[in-house]
Amino acid sequence: MSEIRTRLAPSPTGSIHIGTLQKVLYSYAWAKKNGGKYVLRIEDTDRKRYVEGAEEEIYDVHRRLGIVIDESPEAGGPFSPYRQSERLPMYKLAAEKLVDEGHAYYAFETVEELQEWRTQMEQSGQRTPFRGKARDLSPAEQRSEAQGKQFVIRLKMPASEIVEFEDLIMGKISVNTDTLDDYVIFKSDGFPTYHLAVVVDDNAMKISHVFRGVEWLPTLPVHVLIYRYLGFDLPQIAHIPNILDPKGGKLSKRSGSVAALDFLKEGYLPEAIMNFMMLLGWSPKSDEEIFSLEEFVARFELSGFNKSNPVFNRDKLNWFNEKYIRAMSASELTKSLLKWAQEFHPARLDGIVSGLGMDKLEAAVGLEQERVVLLADLPEKLELFSSYLLEKGELPAHKQTDKLSSTQKRAILQAYIGKTSAGLNSHEEWEQAVREIAENLEFKAGQVFMLLRLAITGASASPPLFEFAQIIGQAEELRRLELVLSRLPQDEAPS
RNA sequence: GGCCCUAUCGUCUAACGGUUAGGACACAGGAUUCUCAAUCCUGCAAUCCGGGUUCGAUUCCCGGUGGGGUCACCA
């Protein structure tokens, strides 16, 4: 069997869409599972839509995901160059060959004429496939007419032919050529269109399997015909269903990010994003759901695809992210957080880091680890440690402490200060002490815990108090308590 | 509108003619608990509709309906 070679063939026209991650994942996994190569080819034949920096982002995203590209413009390879704009002569040759053999022809309709033709079609409520006027001229006649004129080269659709193809995911596809236009394969600017370039390059680069979006299904017969006319063998092709927006239609910004990098910026981990994308449209034989990239590569097979369009489900993505965050050690998570902040939100963590120092930061992250969904949730939580929310404010109201008078609150806080100053060295000892206070003063334990939480953390939701206090240190703990005490109203009618 | 693809809980999906239609997310309830989480348990919830084929259809065929794609000198 010949080598398994897959490719990603993006156009450098903007940010990498989250959906193309699926093509990356499936292409990469299939190549690696079979000891083959994953190659990147840049399809930059549209000069108008070219975006500076887009190619760099493609490498960047791969690096962040930990996916190594075997052959690319950057890495080189045996089939260089890997940018279509640098491979122009090959397409021209192929196009001329098709003309010579009667499978393509020079067409002279101008853009305006075509536009007019389309409007006419639209008005008549019909749309017959386009056929150029020069399609039946001989190659020689076409070329002489082309002298000094603008022209394109169009594929000459055969009459009433049923083109059949076996798709890896969709199964048998069949289309009648009478419903297809004479597609432009070579533009007047000297660049090929996708249809020609993709066939020429996949063949030249010995691509064995193609994973691409279903939007290519309607033009698949065009590609099949070009392969046939050029005498090339067809690769195996899998048309991946597009991901839909929860609100209907294709995934769009109204439901959040769509660019892969934006998800990273939001605080999703690469592992979680990949894991989520793997399973949108593909599933393993087992019920397992958590896969590292390596595990996915090992398990990936072509039979697990679903044919219909999946809906993007953020709750599930969030669940994956939580799982991955919890699976990390506190120190790994701290590193990820620091790196994330540095890249996407510089200065966001500065106050926290300088306030806590690295050791305490890591300990605090460890405490908050089970309470966050995104990396982005962490800074706010960590601020409870590095700065006191009640520096200038009042003790927050809470249903558990509402019924306590100032005098009662004062009694509790003073009793606690007494105990904690004497030294409480373990979680158990600490908890025992608090419960004793509640018992002695005849309050519910819950009330006492909540009052202390409010006073020490400044918030009604926090990590366990003893562990929290350990991190901020006894001096800071006492300072916070004294501050609250000093602010409690002196006179108050008993409730 | 023409052409192409598609259809199992709200969502992601499993079940390659015979299952109490399975799992996961979400949701609800409970256990645990110093709050918030986490964790564990339980529950709710699906084969789009109509015809065939068959002893028997989620599964095969046809039609309808819904969804998606495409109809550029863009990919």
# chains A, B, ... in the order shown; residues from 1 in each chain; ligands from 1
$ interface_residues --of "chain B" --to "chain A" --cutoff "8 Å" --atoms "only C-alpha atoms (C1' of nucleotides)" --output "count of residues only"
26
$ residues_around --residues "U59 of chain B" --least-positions-apart "3" --cutoff "12 Å" --atoms "only C-alpha atoms (C1' of nucleotides)" --output "list in words"
U8, A15, C16, G17, G18, A21 and U47 of chain B
$ write_last_selection --atoms "C-alpha atoms (C1' of nucleotides)" --output "PDB file, in the first residue's frame"
ATOM      1  C1'   U B   8     -32.615   8.981  17.046  1.00  0.00           C
ATOM      2  C1'   A B  15     -27.693   0.659  18.294  1.00  0.00           C
ATOM      3  C1'   C B  16     -24.673  -2.233  10.579  1.00  0.00           C
ATOM      4  C1'   G B  17     -33.926  -6.072  10.538  1.00  0.00           C
ATOM      5  C1'   G B  18     -35.490  -8.695  16.482  1.00  0.00           C
ATOM      6  C1'   A B  21     -33.729   2.315  21.987  1.00  0.00           C
ATOM      7  C1'   U B  47     -36.489   7.074  16.420  1.00  0.00           C
TER       8        U B  47
END
$ select_by_dssp --residues "segment 176-293 of chain A" --states "alpha helix (DSSP H)" --output "ChimeraX atom specification"
/A:194-204,220-230,260-266,270-278,293
$ atom_distance --atom1 "atom CA of Ile67 of chain A" --atom2 "atom CA of Tyr26 of chain A"
11.6 Å
$ residues_around --residues "G29 of chain B" --least-positions-apart "5" --cutoff "12 Å" --atoms "only C-alpha atoms (C1' of nucleotides)" --output "JSON, numbers by chain"
{"B": [41, 42, 43, 44]}
$ atom_distance --atom1 "atom CA of Glu428 of chain A" --atom2 "atom CA of Glu442 of chain A"
20.7 Å
$ residues_around --residues "segment 93-102 of chain A" --least-positions-apart "3" --cutoff "9 Å" --atoms "only C-alpha atoms (C1' of nucleotides)" --output "PyMOL selection string"
chain A and resi 88-90+105-106+136+138-140+153-156+185-186+192+196+200+226+229-230
$ write_last_selection --atoms "C-alpha atoms" --output "compact mmCIF listing (two decimals), in the first residue's frame"
# COMPACT_ATOMS: atom_id res chain seq x y z
CA LEU A 88 1.49 28.59 -11.56
CA PRO A 89 3.19 26.88 -14.54
CA MET A 90 1.78 23.50 -13.55
CA TYR A 105 -12.09 25.67 -23.97
CA TYR A 106 -11.19 29.32 -24.09
CA ASP A 136 -17.37 24.05 -29.91
CA SER A 138 -11.40 23.79 -32.30
CA PRO A 139 -8.43 24.44 -30.01
CA ALA A 140 -6.66 26.20 -32.86
CA ILE A 153 -10.53 28.56 -19.67
CA ARG A 154 -13.66 26.62 -18.87
CA LEU A 155 -14.22 22.94 -18.39
CA LYS A 156 -16.41 21.52 -21.15
CA ILE A 185 -10.75 26.47 -14.23
CA PHE A 186 -8.27 29.12 -15.27
CA PRO A 192 -6.15 28.78 -11.72
CA LEU A 196 -8.11 22.96 -11.26
CA VAL A 200 -3.33 19.23 -9.95
CA ILE A 226 -10.79 16.85 -14.18
CA TYR A 229 -9.39 13.94 -18.13
CA LEU A 230 -5.93 14.51 -16.72
$ residues_around --residues "Asp70 of chain A" --least-positions-apart "2" --cutoff "9 Å" --atoms "only C-alpha atoms (C1' of nucleotides)" --output "PyMOL selection string"
chain A and resi 37-40+68+72+75-77
$ select_by_dssp --residues "segment 106-267 of chain A" --states "strand (DSSP E)" --output "tab-separated table (two decimals) with N, CA and C atoms, in the first residue's frame"
chain	number	residue	atom	x	y	z
A	106	TYR	N	-11.36	27.90	-24.39
A	106	TYR	CA	-11.19	29.32	-24.09
A	106	TYR	C	-12.57	29.97	-24.15
A	107	ALA	N	-12.87	30.80	-23.19
A	107	ALA	CA	-14.17	31.47	-23.19
A	107	ALA	C	-13.94	32.96	-23.09
A	152	VAL	N	-10.84	33.27	-20.31
A	152	VAL	CA	-10.69	32.30	-19.22
A	152	VAL	C	-10.74	30.93	-19.88
A	153	ILE	N	-10.36	29.91	-19.13
A	153	ILE	CA	-10.53	28.56	-19.67
A	153	ILE	C	-11.59	27.86	-18.84
A	154	ARG	N	-12.56	27.30	-19.55
A	154	ARG	CA	-13.66	26.62	-18.87
A	154	ARG	C	-13.64	25.13	-19.17
A	155	LEU	N	-14.09	24.38	-18.19
A	155	LEU	CA	-14.22	22.94	-18.39
A	155	LEU	C	-15.44	22.72	-19.28
A	162	ILE	N	-23.91	10.82	-16.11
A	162	ILE	CA	-24.07	10.69	-14.67
A	162	ILE	C	-22.69	10.43	-14.07
A	163	VAL	N	-22.21	11.41	-13.29
A	163	VAL	CA	-20.91	11.25	-12.65
A	163	VAL	C	-21.12	10.68	-11.25
A	164	GLU	N	-20.51	9.57	-10.98
A	164	GLU	CA	-20.69	8.94	-9.67
A	164	GLU	C	-19.39	8.94	-8.88
A	165	PHE	N	-19.56	9.02	-7.57
A	165	PHE	CA	-18.39	9.03	-6.71
A	165	PHE	C	-18.74	8.42	-5.36
A	166	GLU	N	-17.80	7.71	-4.78
A	166	GLU	CA	-18.03	7.10	-3.48
A	166	GLU	C	-17.31	7.94	-2.42
A	167	ASP	N	-18.08	8.70	-1.65
A	167	ASP	CA	-17.50	9.54	-0.61
A	167	ASP	C	-17.30	8.73	0.66
A	171	GLY	N	-21.08	8.37	1.25
A	171	GLY	CA	-21.41	7.23	0.41
A	171	GLY	C	-21.54	7.64	-1.04
A	172	LYS	N	-22.42	6.98	-1.78
A	172	LYS	CA	-22.49	7.22	-3.21
A	172	LYS	C	-23.15	8.56	-3.54
A	173	ILE	N	-22.45	9.35	-4.32
A	173	ILE	CA	-22.97	10.64	-4.78
A	173	ILE	C	-23.11	10.52	-6.29
A	174	SER	N	-24.22	10.98	-6.85
A	174	SER	CA	-24.27	10.98	-8.30
A	174	SER	C	-24.96	12.24	-8.81
A	175	VAL	N	-24.37	12.82	-9.85
A	175	VAL	CA	-24.88	14.07	-10.40
A	175	VAL	C	-24.87	14.00	-11.93
A	176	ASN	N	-25.91	14.55	-12.50
A	176	ASN	CA	-26.00	14.62	-13.96
A	176	ASN	C	-25.26	15.86	-14.45
A	184	VAL	N	-15.22	27.72	-14.69
A	184	VAL	CA	-13.95	28.35	-15.00
A	184	VAL	C	-12.86	27.60	-14.23
A	185	ILE	N	-11.85	27.14	-14.92
A	185	ILE	CA	-10.75	26.47	-14.23
A	185	ILE	C	-9.47	27.30	-14.26
A	186	PHE	N	-9.45	28.26	-15.16
A	186	PHE	CA	-8.27	29.12	-15.27
A	186	PHE	C	-8.72	30.54	-15.52
A	209	HIS	N	-5.73	10.93	1.00
A	209	HIS	CA	-7.04	11.15	1.62
A	209	HIS	C	-7.27	12.64	1.85
A	210	VAL	N	-8.48	13.08	1.48
A	210	VAL	CA	-8.83	14.48	1.63
A	210	VAL	C	-10.00	14.62	2.59
A	211	PHE	N	-9.85	15.50	3.58
A	211	PHE	CA	-10.95	15.82	4.48
A	211	PHE	C	-11.31	17.28	4.23
A	212	ARG	N	-12.50	17.52	3.72
A	212	ARG	CA	-12.91	18.89	3.39
A	212	ARG	C	-14.39	19.06	3.74
A	213	GLY	N	-14.85	20.29	3.68
A	213	GLY	CA	-16.23	20.57	4.07
A	213	GLY	C	-17.25	20.13	3.02
A	236	GLN	N	-9.07	9.38	-1.89
A	236	GLN	CA	-10.28	9.14	-1.11
A	236	GLN	C	-10.70	10.49	-0.55
A	237	ILE	N	-11.98	10.79	-0.61
A	237	ILE	CA	-12.42	12.08	-0.10
A	237	ILE	C	-13.53	11.92	0.94
A	238	ALA	N	-13.39	12.68	2.03
A	238	ALA	CA	-14.41	12.69	3.08
A	238	ALA	C	-14.97	14.10	3.18
A	239	HIS	N	-16.26	14.23	2.96
A	239	HIS	CA	-16.89	15.55	3.09
A	239	HIS	C	-17.50	15.70	4.47
A	240	ILE	N	-16.90	16.59	5.26
A	240	ILE	CA	-17.30	16.77	6.65
A	240	ILE	C	-18.48	17.74	6.76
$ atom_distance --atom1 "atom CA of Leu483 of chain A" --atom2 "atom CA of Val365 of chain A"
26.0 Å
$ closest_residue --among "B:G10, B:A31, B:G66, B:C61" --to "C48 of chain B" --atoms "only C-alpha atoms (C1' of nucleotides)"
B:G66
